[in-house]
Every structure is written in C-alpha cells, then in structure tokens.
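The structure file target30.txt is reproduced below (compact mmCIF, C-alpha atoms).
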```txt
# COMPACT_ATOMS: atom_id res chain seq x y z
CA MET A 227 111.82 135.63 64.93
CA ASP A 228 109.39 138.14 66.31
CA ILE A 229 109.97 139.35 69.87
CA SER A 230 106.28 138.69 70.68
CA TRP A 231 107.03 134.94 70.76
CA GLU A 232 109.37 135.43 73.67
CA ALA A 233 106.93 137.71 75.49
CA GLU A 234 103.98 135.38 74.97
CA LEU A 235 105.95 132.31 76.00
CA ALA A 236 107.29 134.12 79.07
CA LYS A 237 103.78 135.22 80.06
CA LEU A 238 102.39 131.70 79.61
CA LEU A 239 105.22 130.15 81.63
CA THR A 240 104.91 132.76 84.39
CA ASP A 241 101.16 132.12 84.66
CA LEU A 242 101.67 128.34 84.59
CA LEU A 243 104.31 128.49 87.33
CA ALA A 244 102.00 130.60 89.51
CA VAL A 245 99.13 128.14 89.06
CA GLN A 246 101.45 125.20 89.78
CA ASP A 247 102.62 126.87 93.00
CA GLU A 248 99.02 127.40 94.12
CA LEU A 249 98.16 123.82 93.22
CA LEU A 250 101.11 122.49 95.23
CA ALA A 251 99.92 124.48 98.24
CA ILE A 252 96.37 123.18 97.86
CA LEU A 253 97.52 119.57 97.47
CA THR A 254 99.63 119.88 100.61
CA ARG A 255 96.71 121.39 102.51
CA LYS A 256 94.35 118.76 101.11
CA ARG A 257 96.65 115.95 102.25
CA GLN A 258 96.54 117.31 105.79
CA LEU A 259 92.76 117.66 105.62
CA LEU A 260 92.50 114.05 104.45
CA ILE A 261 94.73 112.87 107.28
CA ASP A 262 92.69 114.91 109.80
CA ALA A 263 89.41 113.67 108.25
CA ASP A 264 88.24 117.29 108.04
CA THR A 265 85.24 116.97 105.73
CA GLU A 266 84.27 120.63 106.06
CA GLY A 267 87.77 121.71 105.09
CA LEU A 268 87.69 119.33 102.12
CA ALA A 269 84.39 120.81 100.99
CA ASP A 270 85.82 124.34 101.29
CA ILE A 271 88.93 123.46 99.31
CA ALA A 272 86.81 122.19 96.42
CA VAL A 273 86.00 125.78 95.41
CA GLU A 274 89.70 126.61 95.22
CA GLU A 275 90.33 123.45 93.21
CA GLN A 276 87.67 124.48 90.69
CA ARG A 277 89.25 127.93 90.34
CA LEU A 278 92.67 126.35 89.75
CA LEU A 279 91.18 123.89 87.29
CA ALA A 280 89.86 126.83 85.27
CA ALA A 281 93.26 128.54 85.43
CA LEU A 282 95.03 125.35 84.25
CA GLN A 283 92.52 124.95 81.43
CA ASP A 284 93.22 128.55 80.41
CA CYS A 285 96.97 127.83 80.36
CA MET A 286 96.37 124.72 78.24
CA ALA A 287 94.19 126.67 75.79
CA ARG A 288 96.83 129.40 75.49
CA ARG A 289 99.51 126.73 74.98
CA ALA A 290 97.45 125.09 72.22
CA GLU A 291 96.87 128.47 70.57
CA LEU A 292 100.60 129.30 70.66
CA LEU A 293 101.54 125.93 69.20
CA THR A 294 98.92 126.29 66.46
CA ARG A 295 100.28 129.73 65.55
CA ALA A 296 103.81 128.33 65.59
CA GLU A 297 102.78 125.57 63.18
CA GLN A 298 101.16 128.14 60.87
CA ASP A 299 104.40 130.18 60.95
CA GLY A 300 106.49 127.10 60.12
CA LEU A 301 108.04 126.89 63.58
CA PRO A 302 108.37 123.78 65.77
CA SER A 303 104.96 123.05 67.25
CA ASP A 304 105.43 119.76 69.12
CA SER A 305 105.85 121.44 72.49
CA ILE A 306 106.63 124.73 74.18
CA ARG A 307 110.16 123.43 74.78
CA ALA A 308 110.63 122.78 71.04
CA LEU A 309 109.22 126.19 70.15
CA THR A 310 111.54 127.85 72.65
CA GLN A 311 114.53 126.09 71.09
CA ALA A 312 113.69 127.89 67.82
CA LEU A 313 114.14 131.29 69.51
CA PRO A 314 117.42 133.19 69.24
CA LYS A 315 119.98 132.07 71.81
CA ALA A 316 119.63 135.11 74.12
CA GLN A 317 115.85 134.78 74.32
CA ARG A 318 116.03 131.01 74.65
CA HIS A 319 118.36 131.26 77.66
CA GLN A 320 115.91 133.58 79.42
CA LEU A 321 113.04 131.09 79.01
CA ASN A 322 114.89 127.82 79.67
CA PRO A 323 114.89 128.21 83.50
CA GLN A 324 111.11 128.74 83.46
CA ILE A 325 110.60 125.68 81.26
CA GLN A 326 112.76 123.56 83.54
CA ALA A 327 110.95 124.86 86.63
CA ALA A 328 107.54 124.09 85.08
CA GLY A 329 108.68 120.54 84.26
CA SER A 330 110.03 120.01 87.76
CA ARG A 331 106.86 121.32 89.35
CA ALA A 332 104.75 119.11 87.10
CA ARG A 333 106.65 116.06 88.40
CA LEU A 334 106.27 117.33 91.96
CA LEU A 335 102.53 117.78 91.38
CA GLN A 336 102.34 114.18 90.17
CA HIS A 337 104.04 112.99 93.36
CA HIS A 338 101.75 115.06 95.58
CA SER A 339 98.69 113.81 93.70
CA LEU A 340 99.85 110.21 94.05
CA THR A 341 100.46 110.71 97.76
CA ASN A 342 96.94 112.10 98.23
CA TRP A 343 95.53 109.20 96.23
CA VAL A 344 97.33 106.71 98.49
CA VAL A 345 95.94 108.46 101.59
CA VAL A 346 92.42 108.24 100.15
CA GLN A 347 92.88 104.57 99.21
CA ARG A 348 94.09 103.69 102.70
CA THR A 349 91.12 105.52 104.17
CA LEU A 350 88.75 103.57 101.91
CA ILE A 351 90.37 100.28 102.91
CA HIS A 352 90.07 101.22 106.58
CA LEU A 353 86.40 102.16 106.16
CA SER A 354 85.74 98.94 104.26
CA GLN A 355 87.32 96.93 107.05
CA MET A 356 85.30 98.81 109.66
CA LEU A 357 82.07 98.09 107.74
CA GLU A 358 83.01 94.42 107.51
CA ILE A 359 83.60 94.27 111.27
CA ILE A 360 80.25 95.93 111.90
CA ALA A 361 78.45 93.66 109.40
CA THR A 362 79.94 90.42 110.77
CA GLY A 363 79.95 91.37 114.43
CA GLY A 364 83.72 90.95 114.45
CA ARG A 365 83.57 87.25 113.49
CA LEU A 366 85.66 86.11 110.55
CA GLN A 367 83.50 84.97 107.63
CA PRO A 368 84.50 82.65 104.78
CA THR A 369 85.32 84.43 101.55
CA TYR A 370 83.41 81.95 99.38
CA GLY A 371 80.38 79.82 100.15
CA GLU A 372 78.28 79.53 103.26
CA GLY A 373 80.55 77.44 105.46
CA GLU A 374 81.69 77.79 109.03
CA PRO A 375 83.49 80.97 110.16
CA VAL A 376 87.22 80.90 109.40
CA ASN A 377 89.67 80.32 112.26
CA ALA A 378 92.70 81.88 110.56
CA SER A 379 93.01 85.02 108.45
CA GLY A 380 95.60 83.82 105.91
CA GLY A 381 98.72 85.70 106.95
CA LEU A 382 102.05 85.33 105.18
CA VAL A 383 103.48 83.15 107.94
CA ASP A 384 101.73 80.01 109.13
CA ARG A 385 100.25 80.52 112.60
CA ALA A 386 101.68 77.17 113.76
CA ALA A 387 105.24 78.30 113.03
```

Rewrite the structure of this file - the entire thing - as structure tokens.
Amino acid sequence: MDISWEAELAKLLTDLLAVQDELLAILTRKRQLLIDADTEGLADIAVEEQRLLAALQDCMARRAELLTRAEQDGLPSDSIRALTQALPKAQRHQLNPQIQAAGSRARLLQHHSLTNWVVVQRTLIHLSQMLEIIATGGRLQPTYGEGEPVNASGGLVDRAA
C-alpha cells in the first residue's frame, strides 16, 4: 500500500479533530449565550459557525474523495475506519488513536448539540407561556370551545387530595 494513504488519512483526521475541537468550544460558548439570552453574542457567533460549517464540508468532501479513490484502487471504501484497517499494521496503529478520538468527539458534539437544543426548546416554551399570560391577562382559558375559564390546570395530582 502506498505511503500517501497514511499521510492523506492522517492529514484528514488531524484537520477533522481541529474542526471538532473548535466546534465543541463554540457549542459550549453558544450554550452560555443562550442561557444568558445574549442575542448580540449569538449573532456574532453565527459567523464562526458558518466558517466551521465550511471547514466540516471540506473535510466531508475530502473524505468522500479518499473513499472514492480507495474504491477505484480495490481497497475498502465503506468508511475511513475500514480503509485504515487495510493499511499495514505499523501505519494502522498510528492512525487508530486519531480515528477513536474523532469518533469520541463526534459523540460529544452530539451531546452538546442536544443540550443546546433542549435549552432552546425550554426557552421557546417559556416564551410561549409568557405570551399566553399576556394574551389572557393571566386568566386560565379553556383549551377547547368557548366556555367559562378553567378553575384547575390539570396537574398530575388532584387538587382535592
């Protein structure tokens, strides 16, 4: 196997890990901006997110190109991990830690993204509730129909208990 495979895979993984690190930092900062309701900070961070999006798209394009070349050369082309397993043992052992780190960071990025999504959803629920209070003047309204205002809000435990 040509040594350029190892060099190209190492370069791709190094670039991917760097982008993942930057993305983790931005997601952490974004979470704090969401919690602080800092709209100006959120607007400023959008530029950095666009730059990272372009960098991730570049990594994905390079990955696709490598896997296409691997397929043309008769090598495993399902994933970078599979392609790396086709390398000689010495080269494979040098790349395996980077592959494992990229996989771990990808899972961490998913967790951070989910956390930010939950923060945004809770904010939207809070805003929706505030709008409802403003719209109804704080009086409970029936969910369906045009009946009298509701006396209870439907908690899990009966109010009489």

Set out as CSV a contact list for segment 307-370 of chain A and segment 256-271 of chain A with a cut-off of 9 Å, giving each residue of segment 307-370 of chain A that qualifies its closest atom pair and distance in Å to one decimal, counting all atoms listed in the file, ordered by chain and rising residue number.
```
residue,atom,partner,partner_atom,distance
A:His338,CA,A:Arg257,CA,8.4
A:Thr341,CA,A:Arg257,CA,7.9
A:Asn342,CA,A:Arg257,CA,5.6
A:Val345,CA,A:Leu260,CA,7.2
A:Val346,CA,A:Leu260,CA,7.2
A:Thr349,CA,A:Leu260,CA,8.6
```

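Interatomic distance, atom CA of Trp343 of chain A to atom CA of Leu249 of chain A: 15.2 Å.
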
At a cut-off of 10 Å, using only C-alpha atoms, what residues contact Glu234 of chain A? Leave out same-chain residues fewer than 4 positions from it and give the result as a list of chain:residue names.
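Counting only the stated atoms, we get A:Ile229, A:Ser230, A:Leu238, A:Leu239, A:Thr240, A:Arg288, A:Arg289, A:Leu292.
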
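Picture a line from atom CA of Ala296 of chain A to atom CA of Ala281 of chain A; it runs 22.5 Å.
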
Closest to His337 of chain A among A:Thr254, A:Gln320, A:Gln276, A:Thr294, using only C-alpha atoms?
A:Thr254

Quick one: residues within 12 Å of (93.0, 130.5, 91.1) (file frame), counting all atoms listed in the file, please, as a PDB file with C-alpha atoms, in the frame of the given file.
```pdb
ATOM      1  CA  ASP A 241     101.160 132.120  84.660  1.00  0.00           C
ATOM      2  CA  LEU A 242     101.670 128.340  84.590  1.00  0.00           C
ATOM      3  CA  ALA A 244     102.000 130.600  89.510  1.00  0.00           C
ATOM      4  CA  VAL A 245      99.130 128.140  89.060  1.00  0.00           C
ATOM      5  CA  GLN A 246     101.450 125.200  89.780  1.00  0.00           C
ATOM      6  CA  ASP A 247     102.620 126.870  93.000  1.00  0.00           C
ATOM      7  CA  GLU A 248      99.020 127.400  94.120  1.00  0.00           C
ATOM      8  CA  LEU A 249      98.160 123.820  93.220  1.00  0.00           C
ATOM      9  CA  ALA A 251      99.920 124.480  98.240  1.00  0.00           C
ATOM     10  CA  ILE A 252      96.370 123.180  97.860  1.00  0.00           C
ATOM     11  CA  ILE A 271      88.930 123.460  99.310  1.00  0.00           C
ATOM     12  CA  ALA A 272      86.810 122.190  96.420  1.00  0.00           C
ATOM     13  CA  VAL A 273      86.000 125.780  95.410  1.00  0.00           C
ATOM     14  CA  GLU A 274      89.700 126.610  95.220  1.00  0.00           C
ATOM     15  CA  GLU A 275      90.330 123.450  93.210  1.00  0.00           C
ATOM     16  CA  GLN A 276      87.670 124.480  90.690  1.00  0.00           C
ATOM     17  CA  ARG A 277      89.250 127.930  90.340  1.00  0.00           C
ATOM     18  CA  LEU A 278      92.670 126.350  89.750  1.00  0.00           C
ATOM     19  CA  LEU A 279      91.180 123.890  87.290  1.00  0.00           C
ATOM     20  CA  ALA A 280      89.860 126.830  85.270  1.00  0.00           C
ATOM     21  CA  ALA A 281      93.260 128.540  85.430  1.00  0.00           C
ATOM     22  CA  LEU A 282      95.030 125.350  84.250  1.00  0.00           C
ATOM     23  CA  GLN A 283      92.520 124.950  81.430  1.00  0.00           C
ATOM     24  CA  ASP A 284      93.220 128.550  80.410  1.00  0.00           C
ATOM     25  CA  CYS A 285      96.970 127.830  80.360  1.00  0.00           C
TER      26      CYS A 285
END
```

Just to confirm, what's the straight-line distance from atom CA of Leu243 of chain A to atom CA of Leu301 of chain A in Å (one decimal)?
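Value for the atom CA of Leu243 of chain A-atom CA of Leu301 of chain A distance: 24.1 Å.
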
Best match for closeness to Leu250 of chain A among A:Arg333, A:Arg365, A:His352, A:Arg307, counting only C-alpha atoms:
A:Arg333

So, with only C-alpha atoms as the atoms that count, which of A:Gly300, A:Glu358, A:Gln347, A:Glu232 lies closest to Ala316 of chain A?
A:Glu232

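If you measure from each of A:Leu340, A:Leu309, A:Ile351, A:Met356 to Trp231 of chain A using all atoms listed in the file, the closest one turns out to be A:Leu309.
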
Measuring atom to atom with only C-alpha atoms, identify which of A:Gln336, A:Ser354, A:Thr362, A:Thr310 is nearest to Gln324 of chain A.
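Closest to Gln324 of chain A of all the choices is A:Thr310.
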
For segment 286-292 of chain A, I'd like the enclosing box, axis-aligned and padded by 3 Å on every side, reported as AutoDock Vina command-line options with centre and edge lengths in Å to one decimal.
```
--center_x 97.4 --center_y 127.1 --center_z 74.4 --size_x 12.4 --size_y 10.7 --size_z 13.7
```

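Counting all atoms listed in the file and comparing A:Ile306, A:Leu350, A:Val344, A:Leu293, the residue that lies closest to Ile325 of chain A is A:Ile306.
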
Reconstruct segment 258-280 of chain A at the level of N, CA and C atoms, and format the result as an mmCIF file, in the coordinates of the input.
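After the write, part25.cif holds the following:
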```
data_model
loop_
_atom_site.group_PDB
_atom_site.id
_atom_site.type_symbol
_atom_site.label_atom_id
_atom_site.label_comp_id
_atom_site.auth_asym_id
_atom_site.auth_seq_id
_atom_site.Cartn_x
_atom_site.Cartn_y
_atom_site.Cartn_z
ATOM 1 N N GLN A 258 96.718 117.172 104.342
ATOM 2 C CA GLN A 258 96.540 117.310 105.790
ATOM 3 C C GLN A 258 95.069 117.205 106.171
ATOM 4 N N LEU A 259 94.192 117.772 105.365
ATOM 5 C CA LEU A 259 92.760 117.660 105.620
ATOM 6 C C LEU A 259 92.295 116.213 105.523
ATOM 7 N N LEU A 260 92.843 115.466 104.576
ATOM 8 C CA LEU A 260 92.500 114.050 104.450
ATOM 9 C C LEU A 260 92.974 113.269 105.668
ATOM 10 N N ILE A 261 94.180 113.554 106.098
ATOM 11 C CA ILE A 261 94.730 112.870 107.280
ATOM 12 C C ILE A 261 93.904 113.207 108.516
ATOM 13 N N ASP A 262 93.482 114.467 108.641
ATOM 14 C CA ASP A 262 92.690 114.910 109.800
ATOM 15 C C ASP A 262 91.218 114.536 109.676
ATOM 16 N N ALA A 263 90.811 113.997 108.526
ATOM 17 C CA ALA A 263 89.410 113.670 108.250
ATOM 18 C C ALA A 263 88.509 114.890 108.417
ATOM 19 N N ASP A 264 88.977 116.036 107.947
ATOM 20 C CA ASP A 264 88.240 117.290 108.040
ATOM 21 C C ASP A 264 87.361 117.454 106.806
ATOM 22 N N THR A 265 86.127 116.939 106.893
ATOM 23 C CA THR A 265 85.240 116.970 105.730
ATOM 24 C C THR A 265 84.804 118.380 105.359
ATOM 25 N N GLU A 266 84.640 119.242 106.365
ATOM 26 C CA GLU A 266 84.270 120.630 106.060
ATOM 27 C C GLU A 266 85.395 121.335 105.315
ATOM 28 N N GLY A 267 86.618 121.116 105.761
ATOM 29 C CA GLY A 267 87.770 121.710 105.090
ATOM 30 C C GLY A 267 87.908 121.199 103.664
ATOM 31 N N LEU A 268 87.636 119.900 103.466
ATOM 32 C CA LEU A 268 87.690 119.330 102.120
ATOM 33 C C LEU A 268 86.632 119.937 101.219
ATOM 34 N N ALA A 269 85.454 120.182 101.772
ATOM 35 C CA ALA A 269 84.390 120.810 100.990
ATOM 36 C C ALA A 269 84.786 122.248 100.616
ATOM 37 N N ASP A 270 85.403 122.955 101.551
ATOM 38 C CA ASP A 270 85.820 124.340 101.290
ATOM 39 C C ASP A 270 86.914 124.407 100.233
ATOM 40 N N ILE A 271 87.799 123.442 100.250
ATOM 41 C CA ILE A 271 88.930 123.460 99.310
ATOM 42 C C ILE A 271 88.488 123.149 97.888
ATOM 43 N N ALA A 272 87.322 122.537 97.747
ATOM 44 C CA ALA A 272 86.810 122.190 96.420
ATOM 45 C C ALA A 272 86.611 123.432 95.552
ATOM 46 N N VAL A 273 86.197 124.526 96.162
ATOM 47 C CA VAL A 273 86.000 125.780 95.410
ATOM 48 C C VAL A 273 87.337 126.266 94.850
ATOM 49 N N GLU A 274 88.372 126.200 95.671
ATOM 50 C CA GLU A 274 89.700 126.610 95.220
ATOM 51 C C GLU A 274 90.201 125.685 94.116
ATOM 52 N N GLU A 275 89.920 124.397 94.239
ATOM 53 C CA GLU A 275 90.330 123.450 93.210
ATOM 54 C C GLU A 275 89.656 123.758 91.882
ATOM 55 N N GLN A 276 88.387 124.133 91.916
ATOM 56 C CA GLN A 276 87.670 124.480 90.690
ATOM 57 C C GLN A 276 88.268 125.727 90.041
ATOM 58 N N ARG A 277 88.636 126.701 90.861
ATOM 59 C CA ARG A 277 89.250 127.930 90.340
ATOM 60 C C ARG A 277 90.587 127.592 89.673
ATOM 61 N N LEU A 278 91.381 126.730 90.324
ATOM 62 C CA LEU A 278 92.670 126.350 89.750
ATOM 63 C C LEU A 278 92.495 125.495 88.498
ATOM 64 N N LEU A 279 91.466 124.681 88.478
ATOM 65 C CA LEU A 279 91.180 123.890 87.290
ATOM 66 C C LEU A 279 90.919 124.812 86.104
ATOM 67 N N ALA A 280 90.139 125.859 86.332
ATOM 68 C CA ALA A 280 89.860 126.830 85.270
ATOM 69 C C ALA A 280 91.140 127.529 84.822
#
```
